[in-house]
Structures are given as structure tokens and as C-alpha cells.
2 protein chains.
Amino acid sequence: LTGEFELIAAIRERVARAGAPAGSPGLVIGSGDDAAVTERQGAAVTSVDALVEGVHFEAPPFELRQVGSKALAVALSDLAAMGATPAEAYVQLGVPEGRSDAELLELADGLAAIAAEYGVAIAGGDVTRAPVLLLAVTVVGAAPSAADLVTRAGARSGDVVTVTGELGGAAAGLLLLQRPELGEGLDPAIAAALRERQLEPAPLLAAGRGLAQGRATALIDVSDGLGADAGHLAAASGVAIEIELDRVPVQAGVEAAARGAGADPADLVAGGGEDYELLATIPPERLTDARDLLKAVGVELTAIGAVSVGEGVTLSDRRGGGARPPSGFDQLRRRPAPGAPS
Amino acid sequence: LTGEFELIAAIRERVARAGAPAGSPGLVIGSGDDAAVTERQGAAVTSVDALVEGVHFEAPPFELRQVGSKALAVALSDLAAMGATPAEAYVQLGVPEGRSDAELLELADGLAAIAAEYGVAIAGGDVTRAPVLLLAVTVVGAAPSAADLVTRAGARSGDVVTVTGELGGAAAGLLLLQRPELGEGLDPAIAAALRERQLEPAPLLAAGRGLAQGRATALIDVSDGLGADAGHLAAASGVAIEIELDRVPVQAGVEAAARGAGADPADLVAGGGEDYELLATIPPERLTDARDLLKAVGVELTAIGAVSVGEGVTLSDRRGGGARPPSGFDQLRRRPAPGAPS
């Protein structure tokens, strides 16, 4: 490969071979012109997200395939958090000197696998030199209308706070990647699942649509950490949120990994982030319906707290007693070592 | 400013103060939620572009205000090259340690000035640490329908090749920034205009719409270099393009700056890139109309060559004699010193 155009062409070929759609409904002009063109009725939902080497990942332990898949997956998680259906992705790739063509194609394979799995067309891109590997991904999703989407801003006093799946796994997985000896006491399958949670997160697109259909009042993905993201939701909605940490489902192995590292498991669950589960507020009378909608797509929904009049987030832990301040990942700071005082 | 959210809020405040629109027609949900939401009839036009410190610019000589304005301007140039009207921009900002808040707000002021000038809403963004300053910008434009846009692919044998404005200025300006002594023999106003061409390019949005209205058959912006971009257009259209270099309007001072550097001025004109003029193919019978449409928005349109059956680009120079291979800027190589053999 001799330059930008050849690399983009090779990436597109990999994407096509992986079964990713060459187009999306309404995509009139794809990659290769000055811009992509879509013609679609309804609402368009757009989000940007970036993974930067040395800030969001190190490769290794990340394989380049995993860097590609995670970059697209975490961008798509923002569409899940609106209840949108993904349509196109645009990938801005920064490539340092010294990365081989084979490595870049491995990265393309990772992008392609996620694009194929969730039906996303890679409709445009740009490749440039950069001092480290970086992927800035723009994703565009669709919905029949803006009214079919769920923002962070609709939570009301009396709503139930719910979360999909299990938390803490991504942070515990990072611990195991940074300190492999911590995994020695764990069941190998459990340790592998924790590492995979960090390396290969999945965007909960079907669950997001289910929560929108089930008329969640507010929705956000857990990317910065449960406490931090609940704080974003509370601030946008103008409400107070209380979460009972002992009701939050925790992934198997998180407690053991945390204790091995001398950390409080609750810190990984409440502050670790990157689990990409969905945090939703739901009026109590709709909770059963929402649970059923999510069960139909294979996702568990758990009530973990309540919305009330006021502001801010309280994380209470009846086992440990007392409230703790919410914490999370700030993009302008380097990743805190999970378990570090927060 | 203590983190990502504060920085985004401060940038938004600067953008608003600079007179940039808080919204765009059809923007239902702007920055602050998981994604932005638009509801609009017609075609959406999307392009991504990035400026990376050390690859596309050094600061200094770029002021951070100019980095911000250039990042948005060059992204908007891709919308101009489709004939689209800009609507929203999404800015992914990578910030190295050591940049002060004041510097980042200066960068925001630059973004804001371009957003205000061209009526673009900054509808979303993301800030992260990065080893160097980088801005990955996604711009979204609108058009009544896809049929109102002009791609690179419609040039036909017999069309006239035209270019807006004057070329060579951005490359000559870079020379003057790299070797200030070259400017000493130049009229100060001329030297300043060359430097400004490199530091503060303007997207030709009104000219792009004029060319679309005047039914140009193919359109591209001159970002990589006249020869390289004509090559992209020829390849997309499946035609041959001949350009007579002595017909290409050249910005005042380019010849003197090139000769001072021991370079061939034609290399700056044909290979320098970054002028962000528009290259359009137009059927001969429509040329006068297209010229009048552009004159109405203050832009000169010059015929510089012809489209014929075949493939590839020939740059001929009746003064210098003979043809030269097209050259340009490859994003995966570092910027070639202008005037370097290409």
C-alpha cells in the first residue's frame, strides 16, 4: 500500500469481505467523493468518539483488530443510548510511522467485524499520519422521528433507575491486562470474560431500541462510570438520583480481581466505566413491559435506584454503609489505575 | 477548566459569543446528550477531515486561533466541493498536556469565527488527551436532494476544465513561514496575503453552490494539489484531463517566493495544494452562465483545460514546454517541502 487512497480502498475491501453492508438505506453516495450523501426521512442521530493510543488503549495488550472493533463499538454505544438504529460510520484514522500494512488491515478487520454485526456502512473516511494510532469515529443513526428517541433529559421524580447487564467487568479486565498475575487465582473462563469485556465491548443497540420502545424517560450509556454517567443524566434531567450499589449486578470475577489488587470492588463497579451497559430511568408502571422487551433481545434489566426531586447522585451501599461520591473517567486525565483512590 | 465537560461548555460559550448559530434548521437536539439529532427533508452531505500537529501544521507559526479556523474551514471545503449548504459540525479535539486553557479557548475562538461566518452550528464534540494537538472535524451539509449536488464523477469528454480564484498561494505562504527571509524581497502586503492563504484558508461555499446551480458536471476542491485533485476527478469520471498550466491564475508573489527558494513556480501551482479553490468541469455552452453565477458571489472562474476520452491527467506548460507528472500531498507522508522534486 503506497498511500491514503490505497489504504482506504484496502479497508473498504476488508469491510465488504467481512459481510458489512456496502450501503445503508438512503445512502446515495458513499466513500470516494468529497463527501457522502444520504437521503432519508425522519431523524438523523450523530455522535463522535475517539480512541487514542496511550490514552484509551495500549497495543499490546490490545490487538489491532480489537482497537478497530472497540473504536466503532463505543461510538455505536452512543446511538444505543438514544435508541437509534445505526446507519453509517465515518472513520478518521491516524497512523504512526512503523505500523505495517498488515497491522492496519488487521485494524480494518476489527472495524469490519463490528460494521457487519450491527449493519453499519463505512460511508467515508480519512487517513493521515499521526504520532500515535488514533481513530476518530463519527456514527450516524436513524429513527422514524426525534420523538422516538430518548435523551438524558427526561427523568422524573418517582422513576425507577435501571441498568442493563452487569457492571465492573471492563475495569476488572483492565486490571488483569495490566497485572496478569491477578488472574491466576481466577477461573480461566471468568478471567477471559473480564479481559474480553475490556478489549471487545459490545454496543447494546437492540436493548437501546427496546428501552426507547418501552418508553424509558431518560437513557445514557455507562462509558465514564456508573456514578459519573448517572450524574450526567441527573444534571440533564434536573433531578436527584439515588443508586443502591448492592443492587447493581456485578460481573463474575470482579470482586476477586479487585481484592487481589487491594482495591474496593465497589470502585470498579461504580467508577470503572467502559462497560457500555445502558442506564435508564423508567416510570414504575412500565418497568415490567420494559423488562420483557429487553428479555426478548437477551438483555437483563435490573432496578438499582430511584429518581427524586433535587440534584446530584448518591451511591449508597447498605453492606459497606454510607454514601460515596460518584467518580469516573475524565477524558482529559490519563486513565486512573482501577482501584486507585477516586 | 477542570475537564472535558467544562472545556466543551467553554467552547460552546465562545462559539455563541462569536455569533455562530446556536442551532441549524432541523437541529432538534444539539451538543450535551449522547448524540445530536436532526430532522430534515432532502439530502444530508457528510465529510470528515483532520488537522494533526506536526503533520498538517506546526504551532507556531500557526496561532491556535488559526488552527481552529483552518480545521473547520478545510472540512467545510469538502461541502463546497459538493455544492452543499453547511448545517452542523462535530469537533473531536485532542489536547496535549501543557496547553493552557487560554490556548484552548483561542482555538475555540478560531472555530467559532468560521462557524459564525458560514452559519454552521457546532452540534457536538468530544475532548480527549492526545500526544499532539489534533482536530478531527465532521461536517454535515444539506441540499434539497442528492440530484442538486455535484460529485467528482460526472465529467464528460468535451467539457471545459475550470478553476476558481488563484493557485499556488498556500504553498508559497508555507515557504515564507518556513523561511521568513524569502519574504524580504516581496511587497509586505503580498507576502502577508501569501502567509494568510496558508494560515487562514476560506471554504468557497457560495462558489460551490453557484457551480452546482450552473450545472457543473464534476467538482472537487484543490486540497492535495491541482494535478492530484484533477487526477481524482479524472479517475472518478473515467475521462482524461488536460490542463494548460500557463492558463492557471497564479497568486501574486508565488513566482518570486518560488524563485527565491530555488523552486519551480509551476510546482507550487500544480503540486502545492491547500489553496481550497474549486476545480470544476463544465459543458462549453454553460460556461458563461457559470462564470456569471460565480461573479455574483465575487469569485472568478477561469478555463484552464479540457476533458477528453481516455484516462489520467496531463499538465502542459507552453512556456516551459512539455508535460509534467501530476504531484500532490499524500496524507501518509509528511508534507513535502514545497519546491522539492516531486
# chains A, B, ... in the order shown; residues from 1 in each chain; ligands from 1

$ residues_around --residues "Ala20 in chain B" --least-positions-apart "6" --cutoff "9 Å" --atoms "only C-alpha atoms" --output "PyMOL selection string"
chain B and resi 14+112-122

$ residues_around --residues "range 193-205 of chain A" --least-positions-apart "2" --cutoff "7 Å" --atoms "only C-alpha atoms" --output "list of chain:residue names"
A:Phe62, A:Gln66, A:Ser69, A:Lys70, A:Ala73, A:Val74, A:Leu76, A:Ser77, A:Ala80, A:Gly169, A:Ala170, A:Ala171, A:Ala172, A:Gly173, A:Leu174, A:Leu176, A:Leu177, A:Ala189, A:Ile190, A:Ala191, A:Ala207, A:Gly208, A:Arg209, A:Tyr276, A:Glu277

$ write_last_selection --atoms "N, CA, C and O atoms" --output "short mmCIF file (atom, residue, chain, number, x, y, z; two decimals), in the first residue's frame"
data_model
loop_
_atom_site.label_atom_id
_atom_site.label_comp_id
_atom_site.auth_asym_id
_atom_site.auth_seq_id
_atom_site.Cartn_x
_atom_site.Cartn_y
_atom_site.Cartn_z
N PHE A 62 -3.88 -4.64 23.65
CA PHE A 62 -4.90 -4.66 22.60
C PHE A 62 -4.28 -5.17 21.31
O PHE A 62 -3.22 -4.69 20.88
N GLN A 66 -8.75 -5.57 17.78
CA GLN A 66 -9.59 -5.13 18.89
C GLN A 66 -9.67 -3.60 18.97
O GLN A 66 -10.70 -3.05 19.37
N SER A 69 -12.28 -2.74 16.39
CA SER A 69 -13.65 -3.09 16.76
C SER A 69 -14.13 -2.23 17.94
O SER A 69 -15.26 -1.77 17.95
N LYS A 70 -13.23 -1.95 18.89
CA LYS A 70 -13.67 -1.16 20.04
C LYS A 70 -13.99 0.28 19.64
O LYS A 70 -14.95 0.87 20.13
N ALA A 73 -17.36 0.17 18.14
CA ALA A 73 -18.36 -0.27 19.12
C ALA A 73 -18.71 0.84 20.11
O ALA A 73 -19.88 1.06 20.42
N VAL A 74 -17.70 1.55 20.62
CA VAL A 74 -18.01 2.56 21.63
C VAL A 74 -18.72 3.77 21.01
O VAL A 74 -19.54 4.42 21.65
N LEU A 76 -20.84 3.43 18.49
CA LEU A 76 -22.21 2.94 18.32
C LEU A 76 -22.97 2.91 19.64
O LEU A 76 -24.21 3.02 19.66
N SER A 77 -22.25 2.76 20.75
CA SER A 77 -22.91 2.74 22.05
C SER A 77 -23.67 4.05 22.30
O SER A 77 -24.71 4.05 22.97
N ALA A 80 -26.92 3.60 20.69
CA ALA A 80 -27.75 2.74 21.55
C ALA A 80 -28.38 3.57 22.65
O ALA A 80 -29.54 3.38 23.00
N GLY A 169 -16.96 -5.26 34.92
CA GLY A 169 -16.13 -6.20 34.17
C GLY A 169 -15.02 -5.54 33.37
O GLY A 169 -13.89 -6.04 33.32
N ALA A 170 -15.31 -4.40 32.75
CA ALA A 170 -14.30 -3.75 31.90
C ALA A 170 -13.13 -3.26 32.74
O ALA A 170 -11.96 -3.39 32.35
N ALA A 171 -13.43 -2.70 33.91
CA ALA A 171 -12.36 -2.21 34.79
C ALA A 171 -11.56 -3.37 35.36
O ALA A 171 -10.32 -3.30 35.44
N ALA A 172 -12.26 -4.44 35.73
CA ALA A 172 -11.54 -5.62 36.25
C ALA A 172 -10.70 -6.24 35.14
O ALA A 172 -9.57 -6.69 35.37
N GLY A 173 -11.22 -6.26 33.93
CA GLY A 173 -10.47 -6.78 32.78
C GLY A 173 -9.20 -5.98 32.55
O GLY A 173 -8.14 -6.55 32.25
N LEU A 174 -9.30 -4.69 32.70
CA LEU A 174 -8.11 -3.85 32.53
C LEU A 174 -7.06 -4.17 33.59
O LEU A 174 -5.86 -4.27 33.30
N LEU A 176 -6.61 -7.04 35.00
CA LEU A 176 -5.98 -8.32 34.64
C LEU A 176 -4.99 -8.15 33.49
O LEU A 176 -3.98 -8.85 33.43
N LEU A 177 -5.29 -7.23 32.57
CA LEU A 177 -4.37 -6.99 31.45
C LEU A 177 -3.10 -6.29 31.94
O LEU A 177 -2.01 -6.55 31.44
N ALA A 189 -12.01 -19.18 32.48
CA ALA A 189 -13.10 -18.68 31.64
C ALA A 189 -13.61 -17.33 32.17
O ALA A 189 -13.94 -16.42 31.40
N ILE A 190 -13.66 -17.22 33.49
CA ILE A 190 -14.11 -15.96 34.10
C ILE A 190 -13.10 -14.85 33.83
O ILE A 190 -13.46 -13.72 33.47
N ALA A 191 -11.81 -15.18 33.95
CA ALA A 191 -10.76 -14.18 33.68
C ALA A 191 -10.81 -13.76 32.21
O ALA A 191 -10.67 -12.57 31.88
N ALA A 207 -31.00 -3.40 22.75
CA ALA A 207 -31.51 -3.03 24.07
C ALA A 207 -31.90 -1.55 24.11
O ALA A 207 -32.91 -1.18 24.71
N GLY A 208 -31.10 -0.71 23.45
CA GLY A 208 -31.42 0.72 23.40
C GLY A 208 -32.76 0.95 22.71
O GLY A 208 -33.58 1.76 23.16
N ARG A 209 -32.97 0.25 21.60
CA ARG A 209 -34.26 0.40 20.91
C ARG A 209 -35.40 -0.13 21.77
O ARG A 209 -36.49 0.44 21.80
N TYR A 276 -20.23 -0.09 28.95
CA TYR A 276 -21.16 0.18 27.85
C TYR A 276 -22.51 -0.50 28.04
O TYR A 276 -23.19 -0.84 27.08
N GLU A 277 -22.89 -0.68 29.32
CA GLU A 277 -24.27 -1.03 29.61
C GLU A 277 -25.11 0.23 29.49
O GLU A 277 -24.57 1.33 29.32
#

$ residues_around --residues "Gly231 in chain A" --least-positions-apart "5" --cutoff "9 Å" --atoms "only C-alpha atoms" --output "ChimeraX atom specification"
/A:226,236,240-241,311-313,326

$ write_last_selection --atoms "all heavy atoms" --output "PDB file, in the first residue's frame"
ATOM      1  N   LEU A 226     -20.551   4.341  36.348  1.00  0.00           N
ATOM      2  CA  LEU A 226     -21.957   4.416  36.764  1.00  0.00           C
ATOM      3  C   LEU A 226     -22.250   5.729  37.481  1.00  0.00           C
ATOM      4  O   LEU A 226     -23.234   6.412  37.173  1.00  0.00           O
ATOM      5  CB  LEU A 226     -22.280   3.234  37.683  1.00  0.00           C
ATOM      6  CG  LEU A 226     -23.692   3.183  38.270  1.00  0.00           C
ATOM      7  CD1 LEU A 226     -24.726   3.037  37.159  1.00  0.00           C
ATOM      8  CD2 LEU A 226     -23.813   2.026  39.266  1.00  0.00           C
ATOM      9  N   ALA A 236     -28.822  16.601  33.386  1.00  0.00           N
ATOM     10  CA  ALA A 236     -29.607  16.927  32.191  1.00  0.00           C
ATOM     11  C   ALA A 236     -31.100  16.933  32.500  1.00  0.00           C
ATOM     12  O   ALA A 236     -31.858  17.712  31.916  1.00  0.00           O
ATOM     13  CB  ALA A 236     -29.294  15.933  31.065  1.00  0.00           C
ATOM     14  N   ALA A 240     -32.598  14.414  41.209  1.00  0.00           N
ATOM     15  CA  ALA A 240     -31.624  13.693  42.030  1.00  0.00           C
ATOM     16  C   ALA A 240     -31.769  12.204  41.759  1.00  0.00           C
ATOM     17  O   ALA A 240     -32.869  11.716  41.483  1.00  0.00           O
ATOM     18  CB  ALA A 240     -31.870  13.978  43.509  1.00  0.00           C
ATOM     19  N   ILE A 241     -30.647  11.502  41.818  1.00  0.00           N
ATOM     20  CA  ILE A 241     -30.664  10.058  41.596  1.00  0.00           C
ATOM     21  C   ILE A 241     -29.993   9.379  42.771  1.00  0.00           C
ATOM     22  O   ILE A 241     -28.903   9.778  43.183  1.00  0.00           O
ATOM     23  CB  ILE A 241     -29.954   9.706  40.266  1.00  0.00           C
ATOM     24  CG1 ILE A 241     -30.879  10.037  39.093  1.00  0.00           C
ATOM     25  CG2 ILE A 241     -29.527   8.232  40.238  1.00  0.00           C
ATOM     26  CD1 ILE A 241     -30.310   9.700  37.742  1.00  0.00           C
ATOM     27  N   GLU A 311     -31.051  17.358  43.184  1.00  0.00           N
ATOM     28  CA  GLU A 311     -29.979  17.283  42.198  1.00  0.00           C
ATOM     29  C   GLU A 311     -28.865  16.368  42.705  1.00  0.00           C
ATOM     30  O   GLU A 311     -28.779  16.071  43.885  1.00  0.00           O
ATOM     31  CB  GLU A 311     -29.410  18.669  41.889  1.00  0.00           C
ATOM     32  CG  GLU A 311     -28.817  19.392  43.086  1.00  0.00           C
ATOM     33  CD  GLU A 311     -28.230  20.743  42.714  1.00  0.00           C
ATOM     34  OE1 GLU A 311     -28.705  21.335  41.704  1.00  0.00           O
ATOM     35  OE2 GLU A 311     -27.313  21.192  43.408  1.00  0.00           O
ATOM     36  N   GLY A 312     -28.038  15.907  41.774  1.00  0.00           N
ATOM     37  CA  GLY A 312     -26.869  15.119  42.130  1.00  0.00           C
ATOM     38  C   GLY A 312     -27.160  13.637  42.278  1.00  0.00           C
ATOM     39  O   GLY A 312     -28.302  13.184  42.137  1.00  0.00           O
ATOM     40  N   VAL A 313     -26.104  12.898  42.549  1.00  0.00           N
ATOM     41  CA  VAL A 313     -26.179  11.444  42.624  1.00  0.00           C
ATOM     42  C   VAL A 313     -25.696  10.987  43.985  1.00  0.00           C
ATOM     43  O   VAL A 313     -24.693  11.476  44.489  1.00  0.00           O
ATOM     44  CB  VAL A 313     -25.285  10.792  41.539  1.00  0.00           C
ATOM     45  CG1 VAL A 313     -25.271   9.277  41.696  1.00  0.00           C
ATOM     46  CG2 VAL A 313     -25.771  11.188  40.151  1.00  0.00           C
ATOM     47  N   PRO A 326     -19.651  10.028  43.570  1.00  0.00           N
ATOM     48  CA  PRO A 326     -19.505   9.391  42.266  1.00  0.00           C
ATOM     49  C   PRO A 326     -18.133   9.716  41.685  1.00  0.00           C
ATOM     50  O   PRO A 326     -17.574  10.774  41.930  1.00  0.00           O
ATOM     51  CB  PRO A 326     -20.611  10.023  41.426  1.00  0.00           C
ATOM     52  CG  PRO A 326     -20.974  11.289  42.115  1.00  0.00           C
ATOM     53  CD  PRO A 326     -20.640  11.107  43.563  1.00  0.00           C
TER      54      PRO A 326
END

$ decode --residues "range 104-152 of chain A" --atoms "N, CA and C atoms" --output "short mmCIF file (atom, residue, chain, number, x, y, z; two decimals), in the first residue's frame"
data_model
loop_
_atom_site.label_atom_id
_atom_site.label_comp_id
_atom_site.auth_asym_id
_atom_site.auth_seq_id
_atom_site.Cartn_x
_atom_site.Cartn_y
_atom_site.Cartn_z
N LEU A 104 -2.42 -2.54 9.83
CA LEU A 104 -3.55 -1.65 9.53
C LEU A 104 -4.73 -2.43 8.97
N LEU A 105 -4.44 -3.47 8.22
CA LEU A 105 -5.54 -4.28 7.69
C LEU A 105 -6.19 -5.09 8.81
N GLU A 106 -5.40 -5.46 9.81
CA GLU A 106 -5.97 -6.14 10.98
C GLU A 106 -6.95 -5.20 11.68
N LEU A 107 -6.54 -3.95 11.81
CA LEU A 107 -7.41 -2.94 12.39
C LEU A 107 -8.69 -2.80 11.56
N ALA A 108 -8.52 -2.80 10.23
CA ALA A 108 -9.68 -2.73 9.34
C ALA A 108 -10.60 -3.92 9.55
N ASP A 109 -10.01 -5.09 9.77
CA ASP A 109 -10.83 -6.29 10.01
C ASP A 109 -11.68 -6.12 11.27
N GLY A 110 -11.11 -5.49 12.29
CA GLY A 110 -11.86 -5.25 13.52
C GLY A 110 -13.02 -4.31 13.29
N LEU A 111 -12.77 -3.20 12.58
CA LEU A 111 -13.85 -2.28 12.21
C LEU A 111 -14.93 -3.03 11.43
N ALA A 112 -14.46 -3.84 10.47
CA ALA A 112 -15.37 -4.53 9.57
C ALA A 112 -16.27 -5.50 10.32
N ALA A 113 -15.70 -6.19 11.31
CA ALA A 113 -16.49 -7.19 12.04
C ALA A 113 -17.65 -6.52 12.76
N ILE A 114 -17.37 -5.39 13.41
CA ILE A 114 -18.45 -4.68 14.12
C ILE A 114 -19.44 -4.09 13.12
N ALA A 115 -18.93 -3.53 12.02
CA ALA A 115 -19.82 -2.97 10.99
C ALA A 115 -20.76 -4.05 10.46
N ALA A 116 -20.21 -5.24 10.23
CA ALA A 116 -21.04 -6.34 9.71
C ALA A 116 -22.06 -6.77 10.76
N GLU A 117 -21.61 -6.89 12.03
CA GLU A 117 -22.51 -7.40 13.06
C GLU A 117 -23.70 -6.49 13.29
N TYR A 118 -23.48 -5.16 13.17
CA TYR A 118 -24.57 -4.23 13.50
C TYR A 118 -25.14 -3.53 12.28
N GLY A 119 -24.72 -3.97 11.07
CA GLY A 119 -25.33 -3.43 9.86
C GLY A 119 -24.99 -1.97 9.59
N VAL A 120 -23.73 -1.62 9.82
CA VAL A 120 -23.30 -0.23 9.62
C VAL A 120 -22.48 -0.14 8.34
N ALA A 121 -22.77 0.83 7.47
CA ALA A 121 -21.96 1.06 6.28
C ALA A 121 -20.83 2.03 6.63
N ILE A 122 -19.60 1.66 6.24
CA ILE A 122 -18.49 2.61 6.40
C ILE A 122 -18.56 3.53 5.18
N ALA A 123 -19.17 4.70 5.38
CA ALA A 123 -19.54 5.55 4.24
C ALA A 123 -18.47 6.58 3.90
N GLY A 124 -17.45 6.70 4.71
CA GLY A 124 -16.41 7.67 4.42
C GLY A 124 -15.27 7.52 5.39
N GLY A 125 -14.18 8.16 5.06
CA GLY A 125 -13.04 8.06 5.95
C GLY A 125 -11.92 8.95 5.49
N ASP A 126 -10.90 8.95 6.28
CA ASP A 126 -9.76 9.81 6.00
C ASP A 126 -8.59 9.17 6.76
N VAL A 127 -7.45 9.14 6.12
CA VAL A 127 -6.26 8.55 6.75
C VAL A 127 -5.17 9.60 6.75
N THR A 128 -4.49 9.74 7.87
CA THR A 128 -3.40 10.70 7.94
C THR A 128 -2.31 10.14 8.85
N ARG A 129 -1.10 10.65 8.68
CA ARG A 129 -0.05 10.35 9.66
C ARG A 129 -0.43 10.97 10.99
N ALA A 130 0.03 10.34 12.08
CA ALA A 130 -0.16 10.89 13.42
C ALA A 130 0.92 10.29 14.30
N PRO A 131 1.23 10.92 15.43
CA PRO A 131 2.32 10.39 16.25
C PRO A 131 1.96 9.09 16.94
N VAL A 132 0.69 8.84 17.16
CA VAL A 132 0.23 7.57 17.72
C VAL A 132 -0.98 7.11 16.91
N LEU A 133 -1.35 5.87 17.12
CA LEU A 133 -2.53 5.36 16.45
C LEU A 133 -3.77 6.02 17.04
N LEU A 134 -4.65 6.52 16.19
CA LEU A 134 -5.89 7.09 16.69
C LEU A 134 -7.01 6.90 15.69
N LEU A 135 -8.19 6.68 16.23
CA LEU A 135 -9.38 6.52 15.41
C LEU A 135 -10.45 7.45 15.96
N ALA A 136 -10.84 8.43 15.14
CA ALA A 136 -11.97 9.29 15.49
C ALA A 136 -13.13 8.83 14.63
N VAL A 137 -14.16 8.34 15.28
CA VAL A 137 -15.27 7.71 14.55
C VAL A 137 -16.52 8.56 14.70
N THR A 138 -17.15 8.88 13.58
CA THR A 138 -18.46 9.54 13.59
C THR A 138 -19.49 8.50 13.17
N VAL A 139 -20.50 8.32 13.97
CA VAL A 139 -21.57 7.39 13.61
C VAL A 139 -22.87 8.16 13.42
N VAL A 140 -23.63 7.72 12.44
CA VAL A 140 -24.93 8.33 12.16
C VAL A 140 -25.99 7.23 12.23
N GLY A 141 -27.02 7.49 13.00
CA GLY A 141 -28.11 6.54 13.11
C GLY A 141 -29.41 7.17 12.66
N ALA A 142 -30.45 6.37 12.63
CA ALA A 142 -31.74 6.85 12.15
C ALA A 142 -32.84 6.46 13.12
N ALA A 143 -33.92 7.20 13.06
CA ALA A 143 -35.14 6.88 13.81
C ALA A 143 -36.30 7.48 13.03
N PRO A 144 -37.50 6.90 13.19
CA PRO A 144 -38.64 7.46 12.44
C PRO A 144 -38.80 8.96 12.70
N SER A 145 -38.64 9.38 13.94
CA SER A 145 -38.71 10.81 14.26
C SER A 145 -37.94 11.06 15.54
N ALA A 146 -37.66 12.34 15.82
CA ALA A 146 -36.94 12.67 17.05
C ALA A 146 -37.72 12.21 18.28
N ALA A 147 -39.05 12.18 18.17
CA ALA A 147 -39.87 11.78 19.31
C ALA A 147 -39.69 10.31 19.67
N ASP A 148 -39.11 9.53 18.75
CA ASP A 148 -38.87 8.11 19.04
C ASP A 148 -37.56 7.87 19.78
N LEU A 149 -36.81 8.93 20.01
CA LEU A 149 -35.50 8.79 20.67
C LEU A 149 -35.61 9.15 22.15
N VAL A 150 -34.65 8.72 22.93
CA VAL A 150 -34.64 9.00 24.36
C VAL A 150 -33.37 9.78 24.71
N THR A 151 -33.53 10.94 25.29
CA THR A 151 -32.38 11.76 25.68
C THR A 151 -31.99 11.46 27.12
N ARG A 152 -31.04 12.24 27.62
CA ARG A 152 -30.66 12.14 29.03
C ARG A 152 -31.59 12.97 29.91
#
